[in-house]
Amino acid sequence: MSQIPLIQAAAKAGTKRFVPCSFGTVCPPGGVMALRDTKEVVLNAILVAKVPYTVIDVGFWHQLSFPTVPSGKMDYAATFPDTNIIYASGTAKNILTDKRDIGRFVARIIKDERTINQKVVTVGDSLTQNQIWDIVERAGDEKVPKTHVSAEEVVSQLEAAKAEAAASGKTGFNAAVAMQSYSYSKFVREDNCLVNAKYLGYLDTRELYPDFKPINFEQFVREVLQGEAKKPYANGQLESIVRGEEP
């Protein structure tokens, strides 16, 4: 909500374009993800203030989307410990973007008059978890372990996290609820896919900028296997938040 005063200041200054802090997965507002609903409050404030805007979402990062291999060659770049989980059937398509491409995408988007008062989704790749496993196995020449979590289990885990959060009496951000909400939205509801992005009114960077060559997921995986990748949030802050510790 700290963006609200900035929106008001932007309105007074006659700002030509306001880009709110979105940069997440594609998801509708209305109770699916609390993080998404907070962003909708900000967007509504922009609309009330009549400030020109562009919402930019990026799907999920390559850097947070890969399983690890038995040899341990990819462990150094893994942010989350439970990276080898296949949710539901593993067939939900998800929009992915390499973290390093986001700045390049934004530089294009904010200079483009076609994106004024629009939502844009960056697309580096679009893959299912089963396809991701195939890429890692092919590139690394190792069989990747799988732990299957059914759609019903995802829903149950989300409800349990919400109940625990309510019982704690704490308000505000809850890491367990946020993580389970991502799994529910991405893999059960299949929100973070190109078909749904189109339905929700997003412009697709592949169509806007056909000359743009993003880093695809397989390129990224080969970098990880060669020891050339960098772990995001290497200071451990994200892991601390996920464990429920104060940031």
# chains A, B, ... in the order shown; residues from 1 in each chain; ligands from 1
>>> select_by_dssp(residues="stretch 18-145 of chain A", states="helix (DSSP H, G or I)", output="ChimeraX atom specification")
/A:34-49,62-64,75-77,99-109,113-115,129-140
>>> residues_around(residues="A:Ala165", least_positions_apart="4", cutoff="9 Å", atoms="only C-alpha atoms", output="ChimeraX atom specification")
/A:160-161,169-171,174,176-177
>>> write_last_selection(atoms="C-alpha atoms", output="CSV table (one decimal), in the first residue's frame")
chain,number,residue,atom,x,y,z
A,160,ALA,CA,-4.6,-25.8,6.4
A,161,ALA,CA,-2.2,-22.9,6.0
A,169,GLY,CA,-4.1,-14.1,15.3
A,170,LYS,CA,-1.4,-12.4,13.2
A,171,THR,CA,-2.5,-10.2,10.3
A,174,ASN,CA,1.8,-15.1,5.8
A,176,ALA,CA,2.9,-20.4,4.2
A,177,VAL,CA,-0.4,-19.1,2.7
>>> closest_residue(among="A:Ile110, A:Val42, A:Met179, A:Leu194", to="A:Gln8", atoms="only C-alpha atoms")
A:Val42
>>> closest_atom_pairs(of="stretch 175-196 of chain A", to="stretch 126-131 of chain A", cutoff="10 Å", atoms="only C-alpha atoms", output="Markdown table")
| residue | atom | partner | partner_atom | distance |
| --- | --- | --- | --- | --- |
| A:Phe187 | CA | A:Gln129 | CA | 9.1 |
| A:Asn192 | CA | A:Ser126 | CA | 9.5 |
| A:Cys193 | CA | A:Ser126 | CA | 7.4 |
| A:Leu194 | CA | A:Ser126 | CA | 7.7 |
>>> closest_residue(among="A:Val106, A:Ala197, A:Ile132, A:Ala166", to="A:Val144", atoms="only C-alpha atoms")
A:Ile132
>>> closest_atom_pairs(of="stretch 119-178 of chain A", to="stretch 67-87 of chain A", cutoff="7 Å", atoms="only C-alpha atoms", output="tab-separated table")
residue	atom	partner	partner_atom	distance
A:Gln129	CA	A:Ile86	CA	6.6
A:Glu142	CA	A:Val69	CA	6.7
A:Val144	CA	A:Val69	CA	5.4
A:Pro145	CA	A:Asn84	CA	6.4
A:Lys146	CA	A:Asn84	CA	5.4
A:Thr147	CA	A:Ile85	CA	4.7
A:His148	CA	A:Ile86	CA	4.9
A:Val149	CA	A:Tyr87	CA	4.9
A:Ser150	CA	A:Tyr87	CA	6.0
A:Ala151	CA	A:Tyr87	CA	6.7
>>> residues_around(residues="A:Phe60", least_positions_apart="6", cutoff="8 Å", atoms="only C-alpha atoms", output="ChimeraX atom specification")
/A:24-25,94-97
>>> closest_residue(among="A:Ser65, A:Tyr202, A:Glu190, A:Val120", to="A:Glu218", atoms="only C-alpha atoms")
A:Ser65
>>> residues_around(residues="A:Ile116", least_positions_apart="5", cutoff="7 Å", atoms="only C-alpha atoms", output="list in words")
Pro52, Tyr53 and Thr54 of chain A
>>> write_last_selection(atoms="N, CA and C atoms", output="PDB file, in the first residue's frame")
ATOM      1  N   PRO A  52      -2.109   7.578 -16.208  1.00  0.00           N
ATOM      2  CA  PRO A  52      -1.751   6.565 -17.212  1.00  0.00           C
ATOM      3  C   PRO A  52      -0.843   5.505 -16.574  1.00  0.00           C
ATOM      4  N   TYR A  53      -1.026   4.258 -16.971  1.00  0.00           N
ATOM      5  CA  TYR A  53      -0.317   3.181 -16.292  1.00  0.00           C
ATOM      6  C   TYR A  53       0.027   2.062 -17.260  1.00  0.00           C
ATOM      7  N   THR A  54       0.922   1.197 -16.816  1.00  0.00           N
ATOM      8  CA  THR A  54       1.163  -0.096 -17.458  1.00  0.00           C
ATOM      9  C   THR A  54       1.449  -1.103 -16.368  1.00  0.00           C
TER      10      THR A  54
END
>>> atom_distance(atom1="atom CA of A:Met1", atom2="atom CA of A:Lys231")
28.7 Å
>>> closest_residue(among="A:Lys162, A:Val55, A:Ala88, A:Glu40", to="A:Pro28", atoms="only C-alpha atoms")
A:Glu40
>>> closest_residue(among="A:Thr91, A:Ser185, A:Gln157, A:Gln219", to="A:Ile135", atoms="only C-alpha atoms")
A:Gln219
>>> atom_distance(atom1="atom CA of A:Thr38", atom2="atom CA of A:Gly14")
24.6 Å
>>> closest_residue(among="A:Arg222, A:His62, A:Arg108, A:Lys186", to="A:Arg206", atoms="only C-alpha atoms")
A:Arg108
>>> select_by_dssp(residues="stretch 17-74 of chain A", states="strand (DSSP E or B)", output="list in words")
Phe18, Tyr53, Thr54, Val55, Ile56, Asp57, Phe60 and Trp61 of chain A
